[in-house]
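Take a look at the structure below.
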Amino acid sequence: MIIDHLGMVVKSIEEGINYWEKVFGYKQMTEVVINTRQKVKVVFLTKENSILIKLIEPIDETSPVYRIARKGGGLHHLAFRCKEIKEEISRLKSLGLRVITNPEPGEAFENNQIAFLLGDQALNIELIDTDKKAQQIIL
């Protein structure tokens with residue numbers, strides 16, 4: 001597995017994009033995508049020679065990240081890319097990690113499979129088995 005991106009909860013995607021651009025020099029890499037299963041909007045940001053950042057905004061109060069956003073947002077997950085998501089889940093479960101979300105299509109990854117697990121130190125882990133991202137914008 002390799003780290004693919006960091007997921008950050010924000011109150012507003014637009015404000016988050018502006019903040020990451022002004023403070024850290026990141027640029028918007030993809031269009032904003034709505035994840036209907038998690039009830040969030042997401043966008044990927046990029047910076048040369050740095051890790052990708054995924055900003056996550058809740059759509060409404062039923063989103064799993066709504067309370068985090070209301071408290072100001074912050075780190076939500078560390079995403080790892082793997083070769084075979086189901087095999088990796090089995091391996092991680094055997095090591096004591098707990099599945100939060102079974103594999104399901106991820107709109108931000110062209111509907112390739114994603115899953116979430118919980119590790120030690122309350123680390124929320126996203127697994128993906130693709131390097132595809134949502135519709136990319138021209139930089």
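Residues in the structure tokens are named by chain (A, B, ... in the order shown) and by number from 1 within that chain; ligands are numbered from 1 in the order shown.
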
Near region 20-31 of chain A, counting only C-alpha atoms, which residues have an atom at most 12 Å away, once you skip same-chain residues fewer than 2 positions from it, shown as a PyMOL selection string? chain A and resi 8+10+13-18+33-34+41-55+107-110+132-139

Shell of 10 Å around Lys71 (chain A), only C-alpha atoms, local chain residues under 3 positions omitted, as a list of chain:residue names: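 Skipping anything fewer than 3 positions along the chain leaves A:Val10, A:Lys11, A:Tyr66, A:Arg67, A:Ile68, A:Gly74.
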
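CA of Gln121 (chain A) sits 24.5 Å away from CA of Val40 (chain A).
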
Considering only helix (DSSP H, G or I) as DSSP defines it on the backbone, what residues of region 38-85 of chain A qualify? List them as a count of residues only. 6

Report, in Å with one decimal, the straight-line distance from CA of Leu75 (chain A) to CA of Thr62 (chain A). 19.3 Å

Counting only C-alpha atoms, which residues of region 5-101 of chain A sit at most 6 Å from some atom of region 114-118 of chain A, and what is each one's closest atom pair with its distance in Å to one decimal, listed by chain and rising residue number, as a Markdown table?
| residue | atom | partner | partner_atom | distance |
| --- | --- | --- | --- | --- |
| A:Leu97 | CA | A:Leu118 | CA | 5.7 |
| A:Arg98 | CA | A:Leu118 | CA | 5.2 |
| A:Val99 | CA | A:Leu117 | CA | 4.3 |
| A:Ile100 | CA | A:Leu117 | CA | 5.0 |
| A:Thr101 | CA | A:Phe116 | CA | 4.9 |

Mind writing the picked residues with C-alpha atoms as a compact mmCIF listing (two decimals), in the first residue's frame?
# COMPACT_ATOMS: atom_id res chain seq x y z
CA LEU A 97 -8.57 -3.19 12.10
CA ARG A 98 -12.33 -2.75 11.95
CA VAL A 99 -14.31 -2.25 8.73
CA ILE A 100 -16.45 0.90 8.87
CA THR A 101 -17.67 0.86 5.26

CA of Ile56 (chain A) and CA of Asp4 (chain A) are how many Å apart? 15.4 Å

Selection: 9 Å around Gly96 (chain A), only C-alpha atoms, excl. self and same-chain fewer than 3 positions, as a ChimeraX atom specification: /A:92-93,119-120

Quick one: write out the picked residues with N, CA and C atoms as a CSV table (one decimal), in the first residue's frame?
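Output file out.csv follows:
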chain,number,residue,atom,x,y,z
A,92,LEU,N,-6.0,-6.6,6.7
A,92,LEU,CA,-6.1,-5.6,7.8
A,92,LEU,C,-7.0,-6.1,8.9
A,93,LYS,N,-8.1,-6.7,8.5
A,93,LYS,CA,-9.0,-7.3,9.5
A,93,LYS,C,-8.3,-8.3,10.4
A,119,GLY,N,-8.3,2.1,12.4
A,119,GLY,CA,-7.1,1.5,12.9
A,119,GLY,C,-6.8,2.0,14.3
A,120,ASP,N,-5.7,1.7,14.9
A,120,ASP,CA,-5.2,2.2,16.2
A,120,ASP,C,-5.1,3.7,16.1

I need the strand (DSSP E or B) residues of region 53-90 of chain A per DSSP on the backbone, written as a ChimeraX atom specification. /A:53-58,74-81

Export of the given selection (N, CA and C atoms) as a PDB file, in the first residue's frame:
ATOM      1  N   ILE A  53      -4.512  16.335  -1.603  1.00  0.00           N
ATOM      2  CA  ILE A  53      -5.435  16.666  -0.521  1.00  0.00           C
ATOM      3  C   ILE A  53      -6.850  16.530  -1.070  1.00  0.00           C
ATOM      4  N   LYS A  54      -7.719  15.842  -0.329  1.00  0.00           N
ATOM      5  CA  LYS A  54      -9.133  15.766  -0.702  1.00  0.00           C
ATOM      6  C   LYS A  54      -9.920  16.560   0.337  1.00  0.00           C
ATOM      7  N   LEU A  55     -10.601  17.599  -0.118  1.00  0.00           N
ATOM      8  CA  LEU A  55     -11.467  18.371   0.764  1.00  0.00           C
ATOM      9  C   LEU A  55     -12.858  17.754   0.747  1.00  0.00           C
ATOM     10  N   ILE A  56     -13.487  17.696   1.925  1.00  0.00           N
ATOM     11  CA  ILE A  56     -14.767  17.023   2.096  1.00  0.00           C
ATOM     12  C   ILE A  56     -15.728  17.978   2.801  1.00  0.00           C
ATOM     13  N   GLU A  57     -16.829  18.305   2.149  1.00  0.00           N
ATOM     14  CA  GLU A  57     -17.853  19.181   2.739  1.00  0.00           C
ATOM     15  C   GLU A  57     -19.161  18.405   2.877  1.00  0.00           C
ATOM     16  N   PRO A  58     -19.777  18.394   4.056  1.00  0.00           N
ATOM     17  CA  PRO A  58     -21.070  17.713   4.189  1.00  0.00           C
ATOM     18  C   PRO A  58     -22.141  18.426   3.370  1.00  0.00           C
ATOM     19  N   GLY A  74     -11.219  19.449   9.865  1.00  0.00           N
ATOM     20  CA  GLY A  74      -9.916  18.903  10.214  1.00  0.00           C
ATOM     21  C   GLY A  74      -9.646  17.589   9.509  1.00  0.00           C
ATOM     22  N   LEU A  75      -8.583  16.927   9.933  1.00  0.00           N
ATOM     23  CA  LEU A  75      -8.182  15.674   9.310  1.00  0.00           C
ATOM     24  C   LEU A  75      -9.277  14.627   9.477  1.00  0.00           C
ATOM     25  N   HIS A  76      -9.682  14.027   8.390  1.00  0.00           N
ATOM     26  CA  HIS A  76     -10.715  12.992   8.426  1.00  0.00           C
ATOM     27  C   HIS A  76     -10.141  11.604   8.190  1.00  0.00           C
ATOM     28  N   HIS A  77      -9.286  11.461   7.174  1.00  0.00           N
ATOM     29  CA  HIS A  77      -8.744  10.142   6.885  1.00  0.00           C
ATOM     30  C   HIS A  77      -7.417  10.217   6.142  1.00  0.00           C
ATOM     31  N   LEU A  78      -6.732   9.098   6.191  1.00  0.00           N
ATOM     32  CA  LEU A  78      -5.520   8.865   5.425  1.00  0.00           C
ATOM     33  C   LEU A  78      -5.892   7.791   4.415  1.00  0.00           C
ATOM     34  N   ALA A  79      -5.707   8.071   3.132  1.00  0.00           N
ATOM     35  CA  ALA A  79      -6.104   7.127   2.087  1.00  0.00           C
ATOM     36  C   ALA A  79      -4.892   6.381   1.556  1.00  0.00           C
ATOM     37  N   PHE A  80      -5.043   5.071   1.459  1.00  0.00           N
ATOM     38  CA  PHE A  80      -4.005   4.217   0.905  1.00  0.00           C
ATOM     39  C   PHE A  80      -4.515   3.572  -0.369  1.00  0.00           C
ATOM     40  N   ARG A  81      -3.656   3.545  -1.377  1.00  0.00           N
ATOM     41  CA  ARG A  81      -3.959   2.845  -2.616  1.00  0.00           C
ATOM     42  C   ARG A  81      -3.357   1.448  -2.511  1.00  0.00           C
TER      43      ARG A  81
END

Near Asn112 (chain A), within 8 Å and counting only C-alpha atoms, which residues show up once chain neighbours fewer than 5 positions away are dropped, as a CSV table (one decimal) with all heavy atoms, in the first residue's frame?
chain,number,residue,atom,x,y,z
A,104,GLU,N,-17.5,-0.1,-1.8
A,104,GLU,CA,-18.6,0.5,-2.6
A,104,GLU,C,-18.1,1.4,-3.6
A,104,GLU,O,-16.9,1.9,-3.5
A,104,GLU,CB,-19.6,1.2,-1.7
A,104,GLU,CG,-19.0,2.4,-1.0
A,104,GLU,CD,-20.0,3.0,0.0
A,104,GLU,OE1,-21.0,2.4,0.5
A,104,GLU,OE2,-19.8,4.2,0.4
A,105,PRO,N,-18.8,1.7,-4.7
A,105,PRO,CA,-18.3,2.6,-5.7
A,105,PRO,C,-18.1,4.0,-5.1
A,105,PRO,O,-18.9,4.5,-4.4
A,105,PRO,CB,-19.5,2.6,-6.8
A,105,PRO,CG,-20.3,1.4,-6.5
A,105,PRO,CD,-20.1,1.2,-5.0
A,106,GLY,N,-17.0,4.6,-5.5
A,106,GLY,CA,-16.7,6.0,-5.0
A,106,GLY,C,-16.8,6.9,-6.2
A,106,GLY,O,-16.0,6.8,-7.2
A,107,GLU,N,-17.7,7.8,-6.1
A,107,GLU,CA,-17.9,8.8,-7.2
A,107,GLU,C,-16.7,9.6,-7.5
A,107,GLU,O,-16.4,10.0,-8.7
A,107,GLU,CB,-19.1,9.7,-6.9
A,107,GLU,CG,-20.5,9.0,-7.0
A,107,GLU,CD,-21.0,8.6,-5.6
A,107,GLU,OE1,-20.1,8.3,-4.7
A,107,GLU,OE2,-22.2,8.5,-5.4
A,128,ILE,N,-8.4,2.5,-1.5
A,128,ILE,CA,-8.8,2.6,-2.9
A,128,ILE,C,-7.9,1.7,-3.7
A,128,ILE,O,-6.8,1.4,-3.3
A,128,ILE,CB,-8.7,4.0,-3.4
A,128,ILE,CG1,-7.3,4.6,-3.3
A,128,ILE,CG2,-9.7,4.9,-2.7
A,128,ILE,CD1,-7.1,6.0,-4.0
A,129,ASP,N,-8.4,1.2,-4.8
A,129,ASP,CA,-7.5,0.3,-5.6
A,129,ASP,C,-7.4,0.9,-7.0
A,129,ASP,O,-7.2,0.2,-8.0
A,129,ASP,CB,-8.0,-1.1,-5.7
A,129,ASP,CG,-9.4,-1.3,-6.2
A,129,ASP,OD1,-10.0,-0.3,-6.7
A,129,ASP,OD2,-9.9,-2.4,-6.1
A,130,THR,N,-7.4,2.2,-7.1
A,130,THR,CA,-7.2,2.9,-8.4
A,130,THR,C,-6.5,4.2,-8.2
A,130,THR,O,-6.5,4.8,-7.1
A,130,THR,CB,-8.6,3.2,-9.0
A,130,THR,OG1,-8.4,3.8,-10.3
A,130,THR,CG2,-9.4,4.1,-8.2
